[in-house]
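Q: Take a look at the following structure, please.
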Amino acid sequence: MARLTKQIPAGTHNRLIEHYGPTVRTWLRGAEENISATAARFGLTVDGFHDAGWASAIGVGRFPDNQPVILKAFPDPERYANERTALEHWAGHAACRLLGSDNATSVLLIELIGDTVGGSPRPSDDIQRIANALPQLHQAEVTGNSSVPTLRDYCRRTVLPRIEERASRFGTILGEHTVRRALSLGADLCAEPQRPAMLHTDLYAENIVFNSDHEPVFIDPHPKIGTPAFDWAVWCVYYRDNDGFTNRFDLCRSQAPALADEALAWSLTLAVDGALYYSDKEDPRVATTLSILESPELANLCR
């Protein structure tokens with residue numbers, strides 16, 4: 001079991017303050033009490049707290065039969081509700097299983113993956129295994145109205161405007177043509193009809209853990225409703241801070257050939273958005289994102 005602390009770790013405090021701003025300190029003062037209250041309602045024992053995540057506090061506990069459980073507490077009730085809806089939709093198919101929820105405290109009870117917090121060791125063929133599993137998240141279409149935001153609205157209201165704003169300050173590192181191409185493709189993608197799939201949209205390596213059978217399990221979604229091509233693009237661009245974009249995109253092309261062109265277009269918009277964000281934050285990951293934009297696949301889109 002990963003090392004647990006008796007109180008919510010300082011690292012969690014710092015990340016939540018960076019993510020939500022200083023007003024989250026008020027919520028943090030009551031977070032341990034909220035987790036304890038939820039544990040009491042479900043008859044759980046809380047073993048401690050895990051230092052992970054940017055948008056929630058993570059407790060680790062046990063049911064009376066010793067089944068381990070993650071208690072995930074959210075400062076943002078809307079984010080809590082959206083993640084609960086996504087996990088209910090996936091019902092444990094490739095995603096972590098929701099074991100319960102407490103609307104009064106915005107705490108989710110989630111299965112622990114593998115033998116320890118953070119899952120089992122990542123296998124050497126992790127990207128192949130993830131490419132095999134990712135389509136499972138998108139198999140069931142979303143029917144009826146959903147409280148989860150749409151990808152189209154998110155892109156139009158958030159992604160494209162922030163590219164415009166940051167490009168006015170940092171666009172020279174990319175070149176005006178690349179920025180304009182990303183904005184044009186993003187607008188076109190938002191205008192296309194989108195199959196209403198439940199998307200994860202946050203497919204960084206830390207949000208894909210492996211169970212005891214070495215199979216990937218998707219955790220910590222920031223869900224949207226929209227085209228599965230977007231999830232492929234997020235994974236291709238952001239899974240790891242390395243130069244593996246081409247390998248991941250090759251797997252997208254082999255596993256989801258009908259989505260490959262659309263995923264590549266989304267990848268350009270996401271990589272431009274990421275490069276501008278990292279420039280704004282003076283984050284060294286800007287170099288990796290710029291190298292992704294120089295890959296043959298994305299460079300061809302900008303010609």
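The chains in the structure tokens are called A, B, ... from first to last as shown; in each chain the residues are counted from 1, and the ligands are counted from 1 in the order shown.
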Pick out the residues sitting within 9 Å of A:Asn247, and hand them over as a list in words; count only C-alpha atoms, and ignore anything fewer than 5 positions along from it in its own chain.
A: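 The residues satisfying every condition are Ile127, Cys236 and Cys252 of chain A.
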Q: Give me the residues near A:Trp90 as a ChimeraX atom specification, where near means some atom within 12 Å (using only C-alpha atoms) and where sequence neighbours in that chain fewer than 5 positions away do not count.
A: /A:83-85,95-98,134-142,197-200,217-219,221,223
Q: Extract, using only C-alpha atoms, all DNA, RNA and protein residues at most 8 Å from stretch 151-165 of chain A, discarding same-chain residues fewer than 4 positions from it, and format them as a PyMOL selection string.
A: chain A and resi 169+179+183+186-187+190-191+224-227+272-273+276
Q: Write out as a list in words each polymer residue whose atoms come within 8 Å of A:Leu264, counting only C-alpha atoms; drop sequence neighbours fewer than 6 positions from it.
A: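 Listing them by chain and then by number gives Ala233, Phe249, Glu297 and Leu298 of chain A.
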Q: Now that the selection is made, can you save its residues with N, CA and C atoms as a PDB file, in the first residue's frame?
A:
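Just written: part.pdb:
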ATOM      1  N   ALA A 233      -7.268  12.040 -29.275  1.00  0.00           N
ATOM      2  CA  ALA A 233      -6.343  13.164 -29.431  1.00  0.00           C
ATOM      3  C   ALA A 233      -5.707  13.551 -28.104  1.00  0.00           C
ATOM      4  N   PHE A 249      -0.298   7.914 -32.042  1.00  0.00           N
ATOM      5  CA  PHE A 249      -1.217   8.174 -33.150  1.00  0.00           C
ATOM      6  C   PHE A 249      -1.276   6.979 -34.101  1.00  0.00           C
ATOM      7  N   GLU A 297       3.086  14.330 -38.824  1.00  0.00           N
ATOM      8  CA  GLU A 297       1.618  14.276 -38.935  1.00  0.00           C
ATOM      9  C   GLU A 297       1.004  15.671 -38.748  1.00  0.00           C
ATOM     10  N   LEU A 298       1.437  16.395 -37.703  1.00  0.00           N
ATOM     11  CA  LEU A 298       0.854  17.709 -37.436  1.00  0.00           C
ATOM     12  C   LEU A 298       1.457  18.795 -38.336  1.00  0.00           C
TER      13      LEU A 298
END
Q: Near A:His222, within 10 Å and counting only C-alpha atoms, which residues show up once chain neighbours fewer than 4 positions away are dropped, as a compact mmCIF listing (two decimals) with C-alpha atoms, in the first residue's frame?
A:
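Now in selection-v6.txt:
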# COMPACT_ATOMS: atom_id res chain seq x y z
CA ALA A 55 -9.32 18.74 -8.16
CA ARG A 79 -17.43 18.36 -10.94
CA TYR A 80 -18.55 15.75 -8.39
CA ASN A 82 -20.29 15.04 -13.63
CA GLU A 83 -17.77 12.40 -12.54
CA ALA A 86 -19.67 9.32 -16.10
CA VAL A 148 -22.40 16.57 -18.37
CA PRO A 149 -21.16 19.47 -20.55
CA LEU A 199 -15.62 11.19 -22.99
CA HIS A 200 -12.89 11.07 -20.36
CA THR A 201 -10.92 14.09 -21.73
CA ASP A 202 -8.11 13.90 -19.12
CA LEU A 203 -6.03 10.97 -20.36
Q: Could you check how far atom CA of A:Ala263 sits from atom CA of A:Trp232, in Å to one decimal?
A: 6.1 Å
Q: Please list as a PyMOL selection string every residue within 8 Å of A:Gly100, counting only C-alpha atoms and excluding residues in the same chain fewer than 6 positions away.
A: chain A and resi 108-110
Q: Just N, CA and C atoms for this one: save the residues we selected as a short mmCIF file (atom, residue, chain, number, x, y, z; two decimals), in the first residue's frame.
A:
data_model
loop_
_atom_site.label_atom_id
_atom_site.label_comp_id
_atom_site.auth_asym_id
_atom_site.auth_seq_id
_atom_site.Cartn_x
_atom_site.Cartn_y
_atom_site.Cartn_z
N LEU A 108 -17.36 10.65 -3.55
CA LEU A 108 -17.57 9.41 -4.30
C LEU A 108 -16.82 8.28 -3.63
N LEU A 109 -17.42 7.09 -3.61
CA LEU A 109 -16.75 5.87 -3.17
C LEU A 109 -16.38 5.08 -4.42
N ILE A 110 -15.09 4.84 -4.62
CA ILE A 110 -14.59 4.26 -5.85
C ILE A 110 -13.70 3.07 -5.52
#
Q: What is the distance between atom CA of A:Val237 and atom CA of A:Ile173, in Å to one decimal?
A: 18.1 Å
Q: Can you tell me which residues surround A:Asn300 at a distance of at most 12 Å, considering only C-alpha atoms, apart from same-chain residues fewer than 6 positions away, and format the answer as JSON, numbers by chain?
A: {"A": [178, 181, 264, 265, 268, 293, 294]}
Q: As number ranges by chain, please: every residue in stretch 27-170 of chain A that a backbone DSSP assignment puts in strand (DSSP E).
A: A: 45-50, 57-62, 68-73, 98-102, 107-111
Q: Which of these, A:Ser184, A:Thr150, A:Gln128, A:Thr172, has the shortest distance to A:Asp250 once you count only C-alpha atoms?
A: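 Ranking A:Ser184, A:Thr150, A:Gln128, A:Thr172 by distance to A:Asp250, first place goes to A:Gln128.
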Q: Which distance in Å separates atom CA of A:Leu112 and atom CA of A:Ser212, to one decimal?
A: 11.1 Å
Q: So which bits of stretch 186-257 of chain A end up alpha helix (DSSP H) when you DSSP the backbone, as a PyMOL selection string?
A: chain A and resi 186-191+228-238+245-255
Q: Go ahead and dump the residues you just picked, N, CA and C atoms, as a PDB file, in the first residue's frame.
A:
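Written file, part.pdb:
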ATOM      1  N   GLY A 186     -10.378  23.836 -35.104  1.00  0.00           N
ATOM      2  CA  GLY A 186     -11.218  23.702 -33.916  1.00  0.00           C
ATOM      3  C   GLY A 186     -12.645  24.150 -34.178  1.00  0.00           C
ATOM      4  N   ALA A 187     -12.792  25.279 -34.877  1.00  0.00           N
ATOM      5  CA  ALA A 187     -14.137  25.771 -35.205  1.00  0.00           C
ATOM      6  C   ALA A 187     -14.861  24.799 -36.126  1.00  0.00           C
ATOM      7  N   ASP A 188     -14.150  24.255 -37.110  1.00  0.00           N
ATOM      8  CA  ASP A 188     -14.770  23.287 -38.026  1.00  0.00           C
ATOM      9  C   ASP A 188     -15.194  22.025 -37.272  1.00  0.00           C
ATOM     10  N   LEU A 189     -14.352  21.546 -36.371  1.00  0.00           N
ATOM     11  CA  LEU A 189     -14.671  20.342 -35.606  1.00  0.00           C
ATOM     12  C   LEU A 189     -15.909  20.553 -34.739  1.00  0.00           C
ATOM     13  N   CYS A 190     -16.046  21.742 -34.169  1.00  0.00           N
ATOM     14  CA  CYS A 190     -17.225  22.035 -33.343  1.00  0.00           C
ATOM     15  C   CYS A 190     -18.500  22.075 -34.175  1.00  0.00           C
ATOM     16  N   ALA A 191     -18.361  22.387 -35.448  1.00  0.00           N
ATOM     17  CA  ALA A 191     -19.534  22.483 -36.315  1.00  0.00           C
ATOM     18  C   ALA A 191     -19.974  21.126 -36.852  1.00  0.00           C
ATOM     19  N   PRO A 228     -15.692  10.516 -29.856  1.00  0.00           N
ATOM     20  CA  PRO A 228     -14.569   9.746 -29.307  1.00  0.00           C
ATOM     21  C   PRO A 228     -13.207  10.174 -29.850  1.00  0.00           C
ATOM     22  N   ALA A 229     -13.181  10.807 -31.020  1.00  0.00           N
ATOM     23  CA  ALA A 229     -11.903  11.248 -31.582  1.00  0.00           C
ATOM     24  C   ALA A 229     -11.172  12.196 -30.640  1.00  0.00           C
ATOM     25  N   PHE A 230     -11.916  12.942 -29.847  1.00  0.00           N
ATOM     26  CA  PHE A 230     -11.279  13.889 -28.919  1.00  0.00           C
ATOM     27  C   PHE A 230     -10.471  13.156 -27.862  1.00  0.00           C
ATOM     28  N   ASP A 231     -11.015  12.066 -27.303  1.00  0.00           N
ATOM     29  CA  ASP A 231     -10.261  11.302 -26.316  1.00  0.00           C
ATOM     30  C   ASP A 231      -8.979  10.735 -26.907  1.00  0.00           C
ATOM     31  N   TRP A 232      -9.065  10.235 -28.127  1.00  0.00           N
ATOM     32  CA  TRP A 232      -7.852   9.735 -28.779  1.00  0.00           C
ATOM     33  C   TRP A 232      -6.818  10.855 -28.903  1.00  0.00           C
ATOM     34  N   ALA A 233      -7.268  12.040 -29.275  1.00  0.00           N
ATOM     35  CA  ALA A 233      -6.343  13.164 -29.431  1.00  0.00           C
ATOM     36  C   ALA A 233      -5.707  13.551 -28.104  1.00  0.00           C
ATOM     37  N   VAL A 234      -6.506  13.616 -27.041  1.00  0.00           N
ATOM     38  CA  VAL A 234      -5.956  13.951 -25.719  1.00  0.00           C
ATOM     39  C   VAL A 234      -4.882  12.943 -25.327  1.00  0.00           C
ATOM     40  N   TRP A 235      -5.182  11.656 -25.535  1.00  0.00           N
ATOM     41  CA  TRP A 235      -4.205  10.619 -25.182  1.00  0.00           C
ATOM     42  C   TRP A 235      -2.946  10.744 -26.026  1.00  0.00           C
ATOM     43  N   CYS A 236      -3.105  10.952 -27.317  1.00  0.00           N
ATOM     44  CA  CYS A 236      -1.943  11.065 -28.201  1.00  0.00           C
ATOM     45  C   CYS A 236      -1.042  12.231 -27.797  1.00  0.00           C
ATOM     46  N   VAL A 237      -1.630  13.357 -27.442  1.00  0.00           N
ATOM     47  CA  VAL A 237      -0.845  14.559 -27.144  1.00  0.00           C
ATOM     48  C   VAL A 237      -0.296  14.552 -25.721  1.00  0.00           C
ATOM     49  N   TYR A 238      -1.102  14.106 -24.747  1.00  0.00           N
ATOM     50  CA  TYR A 238      -0.774  14.382 -23.346  1.00  0.00           C
ATOM     51  C   TYR A 238      -0.445  13.171 -22.476  1.00  0.00           C
ATOM     52  N   PHE A 245       4.287  10.832 -29.400  1.00  0.00           N
ATOM     53  CA  PHE A 245       3.051  11.170 -30.102  1.00  0.00           C
ATOM     54  C   PHE A 245       2.842  10.297 -31.332  1.00  0.00           C
ATOM     55  N   THR A 246       3.864  10.146 -32.150  1.00  0.00           N
ATOM     56  CA  THR A 246       3.706   9.394 -33.401  1.00  0.00           C
ATOM     57  C   THR A 246       3.324   7.949 -33.128  1.00  0.00           C
ATOM     58  N   ASN A 247       3.950   7.330 -32.143  1.00  0.00           N
ATOM     59  CA  ASN A 247       3.597   5.941 -31.811  1.00  0.00           C
ATOM     60  C   ASN A 247       2.156   5.832 -31.337  1.00  0.00           C
ATOM     61  N   ARG A 248       1.738   6.772 -30.523  1.00  0.00           N
ATOM     62  CA  ARG A 248       0.358   6.715 -30.032  1.00  0.00           C
ATOM     63  C   ARG A 248      -0.634   6.976 -31.168  1.00  0.00           C
ATOM     64  N   PHE A 249      -0.298   7.914 -32.042  1.00  0.00           N
ATOM     65  CA  PHE A 249      -1.217   8.174 -33.150  1.00  0.00           C
ATOM     66  C   PHE A 249      -1.276   6.979 -34.101  1.00  0.00           C
ATOM     67  N   ASP A 250      -0.165   6.279 -34.309  1.00  0.00           N
ATOM     68  CA  ASP A 250      -0.192   5.062 -35.128  1.00  0.00           C
ATOM     69  C   ASP A 250      -1.154   4.032 -34.537  1.00  0.00           C
ATOM     70  N   LEU A 251      -1.183   3.930 -33.218  1.00  0.00           N
ATOM     71  CA  LEU A 251      -2.111   3.001 -32.564  1.00  0.00           C
ATOM     72  C   LEU A 251      -3.551   3.475 -32.726  1.00  0.00           C
ATOM     73  N   CYS A 252      -3.771   4.780 -32.642  1.00  0.00           N
ATOM     74  CA  CYS A 252      -5.117   5.316 -32.908  1.00  0.00           C
ATOM     75  C   CYS A 252      -5.550   4.944 -34.317  1.00  0.00           C
ATOM     76  N   ARG A 253      -4.646   5.091 -35.273  1.00  0.00           N
ATOM     77  CA  ARG A 253      -4.983   4.803 -36.668  1.00  0.00           C
ATOM     78  C   ARG A 253      -5.309   3.324 -36.865  1.00  0.00           C
ATOM     79  N   SER A 254      -4.649   2.454 -36.111  1.00  0.00           N
ATOM     80  CA  SER A 254      -4.912   1.018 -36.281  1.00  0.00           C
ATOM     81  C   SER A 254      -6.144   0.574 -35.503  1.00  0.00           C
ATOM     82  N   GLN A 255      -6.387   1.156 -34.324  1.00  0.00           N
ATOM     83  CA  GLN A 255      -7.517   0.731 -33.490  1.00  0.00           C
ATOM     84  C   GLN A 255      -8.823   1.438 -33.857  1.00  0.00           C
TER      85      GLN A 255
END
